[in-house]
Amino acid sequence: MNSSTWLALVALDAAELPDPAAVQARCDAANPDTAALELSSRTDAMVTFSWGDATVAYTLVDKPIPADQFAGPAARAWYWPDAAERLGSHRAHLIVALVDESRDRIAKSMKLTRLVAALLPNSRAVGLQWGGSRAVHEPGAFCDVAQQMSRDDLPLHLWLDFQVEANNQSGLRLYTTGMTAFGKREVELPHFAGPPQELMNHAYNLAHYLLEKDAVIKDGEVIGLPDEIQVTARDTTTFLDGDEPVLAFEFE
């Protein structure tokens, strides 16, 4: 995802453009401490707002999101068991875009999250796909998490895809998708012996630290996690196919 342009796709069960006045009212009410949305233009297929220094827009596309774009993420969506079924029958979609030249990628991601959360209840949404990670989400669950969002409590489950799978040593491993949208390497934990939820929690804490603090971690650096757990950072390449540089963490 371009660092100045942030995207989300909203899957619809009918090709209807959400009412901009309703979206504007919901967004302003939910975000009283930010600049108000100001309608810039409206056509039969596109609505554009100015929002402080940013421009935001949603565009109606009268056809589904290509199946090869969401099928994999939907199949991996352990947190939304009906994802493949719900998304598989949608008929149209919205392209939701935020354009902002600011360097603060977290602020931009939060802004897009707020816009999407205002848009979903006013649309025929059956699901959405977050551009930075390609992860898919159920609309109600997305709005619930977005409502609790703050700079100190980032909604990483909305922005990143955390995938746990078996490794070849009778344990588990985890990888993320979406960190690169924030200018960071993806996080991988290749060896873990314990429950999947514990591994997920450790990865979440590490990713949150990297993003919230804009932390730069060096190879061999030891990081402390809750419950006196320590991990050692390694500059390496992904254990998935390819040679993408990642930041891996080994448990002590």
# chains A, B, ... in the order shown; residues from 1 in each chain; ligands from 1
$ residues_around --residues "Phe192 in chain A" --least-positions-apart "3" --cutoff "9 Å" --atoms "only C-alpha atoms" --output "number ranges by chain"
A: 167, 171-174, 189, 195-196, 199, 250-251
$ write_last_selection --atoms "N, CA and C atoms" --output "PDB file, in the first residue's frame"
ATOM      1  N   ASN A 167       4.728 -26.018  13.116  1.00  0.00           N
ATOM      2  CA  ASN A 167       6.060 -26.062  12.510  1.00  0.00           C
ATOM      3  C   ASN A 167       6.499 -27.526  12.375  1.00  0.00           C
ATOM      4  N   GLY A 171       5.729 -28.162  17.251  1.00  0.00           N
ATOM      5  CA  GLY A 171       5.320 -26.939  17.935  1.00  0.00           C
ATOM      6  C   GLY A 171       4.531 -26.050  16.994  1.00  0.00           C
ATOM      7  N   LEU A 172       4.563 -24.752  17.268  1.00  0.00           N
ATOM      8  CA  LEU A 172       3.824 -23.781  16.487  1.00  0.00           C
ATOM      9  C   LEU A 172       4.758 -22.698  15.965  1.00  0.00           C
ATOM     10  N   ARG A 173       4.302 -22.029  14.935  1.00  0.00           N
ATOM     11  CA  ARG A 173       4.988 -20.850  14.446  1.00  0.00           C
ATOM     12  C   ARG A 173       3.932 -19.818  14.039  1.00  0.00           C
ATOM     13  N   LEU A 174       4.351 -18.550  13.957  1.00  0.00           N
ATOM     14  CA  LEU A 174       3.426 -17.465  13.641  1.00  0.00           C
ATOM     15  C   LEU A 174       4.100 -16.486  12.694  1.00  0.00           C
ATOM     16  N   LEU A 189       7.567 -15.654  14.466  1.00  0.00           N
ATOM     17  CA  LEU A 189       7.999 -16.416  15.637  1.00  0.00           C
ATOM     18  C   LEU A 189       8.028 -17.877  15.192  1.00  0.00           C
ATOM     19  N   PRO A 195       0.213 -23.006  24.040  1.00  0.00           N
ATOM     20  CA  PRO A 195      -1.091 -22.807  23.409  1.00  0.00           C
ATOM     21  C   PRO A 195      -1.042 -21.740  22.311  1.00  0.00           C
ATOM     22  N   PRO A 196      -1.849 -21.892  21.263  1.00  0.00           N
ATOM     23  CA  PRO A 196      -1.872 -20.907  20.172  1.00  0.00           C
ATOM     24  C   PRO A 196      -2.202 -19.493  20.647  1.00  0.00           C
ATOM     25  N   LEU A 199       0.823 -17.719  21.984  1.00  0.00           N
ATOM     26  CA  LEU A 199       1.690 -17.284  20.890  1.00  0.00           C
ATOM     27  C   LEU A 199       1.114 -16.035  20.234  1.00  0.00           C
ATOM     28  N   GLU A 250      13.097 -15.354  18.778  1.00  0.00           N
ATOM     29  CA  GLU A 250      13.316 -16.690  19.350  1.00  0.00           C
ATOM     30  C   GLU A 250      13.084 -16.627  20.855  1.00  0.00           C
ATOM     31  N   PHE A 251      12.326 -17.572  21.384  1.00  0.00           N
ATOM     32  CA  PHE A 251      12.056 -17.627  22.812  1.00  0.00           C
ATOM     33  C   PHE A 251      13.267 -18.166  23.562  1.00  0.00           C
TER      34      PHE A 251
END
$ select_by_dssp --residues "range 5-252 of chain A" --states "strand (DSSP E)" --output "ChimeraX atom specification"
/A:5-12,38-42,46-51,54-61,92-99,125-130,136-137,161-166,172-177,186-192,222-225,229-237,245-251
$ write_last_selection --atoms "C-alpha atoms" --output "PDB file, in the first residue's frame"
ATOM      1  CA  THR A   5      -2.767   6.254   0.152  1.00  0.00           C
ATOM      2  CA  TRP A   6      -4.560   3.829   2.491  1.00  0.00           C
ATOM      3  CA  LEU A   7      -7.290   1.529   1.196  1.00  0.00           C
ATOM      4  CA  ALA A   8     -10.062  -0.761   2.333  1.00  0.00           C
ATOM      5  CA  LEU A   9     -12.649  -2.657   0.288  1.00  0.00           C
ATOM      6  CA  VAL A  10     -16.223  -3.084   1.537  1.00  0.00           C
ATOM      7  CA  ALA A  11     -18.174  -6.025   0.103  1.00  0.00           C
ATOM      8  CA  LEU A  12     -21.878  -5.248  -0.518  1.00  0.00           C
ATOM      9  CA  GLU A  38     -16.487  18.250   4.812  1.00  0.00           C
ATOM     10  CA  LEU A  39     -18.232  17.046   1.666  1.00  0.00           C
ATOM     11  CA  SER A  40     -16.182  17.960  -1.414  1.00  0.00           C
ATOM     12  CA  SER A  41     -18.061  16.239  -4.217  1.00  0.00           C
ATOM     13  CA  ARG A  42     -20.676  13.610  -4.963  1.00  0.00           C
ATOM     14  CA  MET A  46     -18.281   8.405  -5.769  1.00  0.00           C
ATOM     15  CA  VAL A  47     -18.275  10.589  -2.653  1.00  0.00           C
ATOM     16  CA  THR A  48     -15.278  12.681  -1.618  1.00  0.00           C
ATOM     17  CA  PHE A  49     -14.655  14.478   1.683  1.00  0.00           C
ATOM     18  CA  SER A  50     -11.874  16.644   3.019  1.00  0.00           C
ATOM     19  CA  TRP A  51     -10.873  15.702   6.540  1.00  0.00           C
ATOM     20  CA  ALA A  54      -6.498  14.423   4.295  1.00  0.00           C
ATOM     21  CA  THR A  55      -8.844  13.570   1.451  1.00  0.00           C
ATOM     22  CA  VAL A  56     -11.135  10.565   1.894  1.00  0.00           C
ATOM     23  CA  ALA A  57     -13.461   8.976  -0.623  1.00  0.00           C
ATOM     24  CA  TYR A  58     -15.568   5.935  -1.328  1.00  0.00           C
ATOM     25  CA  THR A  59     -16.345   4.670  -4.801  1.00  0.00           C
ATOM     26  CA  LEU A  60     -19.037   2.181  -5.810  1.00  0.00           C
ATOM     27  CA  VAL A  61     -17.938  -0.663  -8.089  1.00  0.00           C
ATOM     28  CA  ALA A  92     -20.675  -5.187  -5.474  1.00  0.00           C
ATOM     29  CA  HIS A  93     -18.095  -3.326  -3.430  1.00  0.00           C
ATOM     30  CA  LEU A  94     -16.826   0.032  -2.284  1.00  0.00           C
ATOM     31  CA  ILE A  95     -13.251   1.211  -2.612  1.00  0.00           C
ATOM     32  CA  VAL A  96     -12.571   3.332   0.468  1.00  0.00           C
ATOM     33  CA  ALA A  97      -9.469   5.507   0.188  1.00  0.00           C
ATOM     34  CA  LEU A  98      -7.602   7.976   2.361  1.00  0.00           C
ATOM     35  CA  VAL A  99      -4.934  10.200   0.806  1.00  0.00           C
ATOM     36  CA  ALA A 125     -21.907  -4.329   3.850  1.00  0.00           C
ATOM     37  CA  VAL A 126     -21.408  -8.067   4.330  1.00  0.00           C
ATOM     38  CA  GLY A 127     -17.675  -7.853   4.987  1.00  0.00           C
ATOM     39  CA  LEU A 128     -14.544  -5.867   4.288  1.00  0.00           C
ATOM     40  CA  GLN A 129     -10.918  -6.330   3.336  1.00  0.00           C
ATOM     41  CA  TRP A 130      -8.156  -4.185   4.847  1.00  0.00           C
ATOM     42  CA  VAL A 136     -11.051  -9.776   5.948  1.00  0.00           C
ATOM     43  CA  HIS A 137     -13.437  -8.738   8.720  1.00  0.00           C
ATOM     44  CA  ASP A 161      -3.127 -10.669   9.869  1.00  0.00           C
ATOM     45  CA  PHE A 162      -1.703 -12.981  12.552  1.00  0.00           C
ATOM     46  CA  GLN A 163      -1.466 -16.565  11.329  1.00  0.00           C
ATOM     47  CA  VAL A 164      -0.534 -19.517  13.561  1.00  0.00           C
ATOM     48  CA  GLU A 165       0.400 -22.879  12.086  1.00  0.00           C
ATOM     49  CA  ALA A 166       2.305 -26.024  13.003  1.00  0.00           C
ATOM     50  CA  LEU A 172       3.824 -23.781  16.487  1.00  0.00           C
ATOM     51  CA  ARG A 173       4.988 -20.850  14.446  1.00  0.00           C
ATOM     52  CA  LEU A 174       3.426 -17.465  13.641  1.00  0.00           C
ATOM     53  CA  TYR A 175       3.783 -14.876  10.920  1.00  0.00           C
ATOM     54  CA  THR A 176       2.199 -11.474  10.307  1.00  0.00           C
ATOM     55  CA  THR A 177       1.009  -9.725   7.179  1.00  0.00           C
ATOM     56  CA  GLU A 186       6.928  -8.535   9.087  1.00  0.00           C
ATOM     57  CA  VAL A 187       7.174 -10.348  12.428  1.00  0.00           C
ATOM     58  CA  GLU A 188       7.763 -14.095  12.634  1.00  0.00           C
ATOM     59  CA  LEU A 189       7.999 -16.416  15.637  1.00  0.00           C
ATOM     60  CA  PRO A 190       9.263 -19.697  14.171  1.00  0.00           C
ATOM     61  CA  HIS A 191       9.393 -21.913  17.282  1.00  0.00           C
ATOM     62  CA  PHE A 192       6.921 -21.978  20.158  1.00  0.00           C
ATOM     63  CA  VAL A 222      16.609  -9.221  23.878  1.00  0.00           C
ATOM     64  CA  ILE A 223      13.027  -8.042  24.424  1.00  0.00           C
ATOM     65  CA  GLY A 224      11.027  -8.605  27.597  1.00  0.00           C
ATOM     66  CA  LEU A 225       7.408  -9.719  27.374  1.00  0.00           C
ATOM     67  CA  ILE A 229       9.269 -14.085  29.089  1.00  0.00           C
ATOM     68  CA  GLN A 230      12.178 -12.982  26.931  1.00  0.00           C
ATOM     69  CA  VAL A 231      12.742 -13.232  23.198  1.00  0.00           C
ATOM     70  CA  THR A 232      15.803 -12.558  21.068  1.00  0.00           C
ATOM     71  CA  ALA A 233      15.429 -10.651  17.794  1.00  0.00           C
ATOM     72  CA  ARG A 234      16.961 -12.009  14.601  1.00  0.00           C
ATOM     73  CA  ASP A 235      17.414 -10.308  11.245  1.00  0.00           C
ATOM     74  CA  THR A 236      16.598 -13.073   8.819  1.00  0.00           C
ATOM     75  CA  THR A 237      14.427 -14.045   5.867  1.00  0.00           C
ATOM     76  CA  PRO A 245      13.533  -9.843   5.123  1.00  0.00           C
ATOM     77  CA  VAL A 246      11.666 -10.302   8.410  1.00  0.00           C
ATOM     78  CA  LEU A 247      12.207  -9.701  12.104  1.00  0.00           C
ATOM     79  CA  ALA A 248      12.064 -13.086  13.799  1.00  0.00           C
ATOM     80  CA  PHE A 249      11.935 -13.660  17.547  1.00  0.00           C
ATOM     81  CA  GLU A 250      13.316 -16.690  19.350  1.00  0.00           C
ATOM     82  CA  PHE A 251      12.056 -17.627  22.812  1.00  0.00           C
TER      83      PHE A 251
END
$ atom_distance --atom1 "CA of Tyr79 in chain A" --atom2 "CA of Glu138 in chain A"
9.2 Å
$ atom_distance --atom1 "CA of Glu221 in chain A" --atom2 "CA of Leu206 in chain A"
12.9 Å
$ select_by_dssp --residues "range 111-165 of chain A" --states "alpha helix (DSSP H)" --output "list in words"
Lys111, Leu112, Thr113, Arg114, Leu115, Val116, Ala117, Ala118, Leu119, Pro139, Gly140, Ala141, Phe142, Cys143, Asp144, Val145, Ala146, Gln147, Leu156, His157, Leu158 and Trp159 of chain A
$ residues_around --residues "Arg124 in chain A" --least-positions-apart "3" --cutoff "8 Å" --atoms "only C-alpha atoms" --output "JSON, numbers by chain"
{"A": [12, 13, 14, 16, 120, 121]}
$ closest_residue --among "A:Ala118, A:Ala141, A:Ala135, A:Ala107" --to "Arg76 in chain A" --atoms "only C-alpha atoms"
A:Ala135
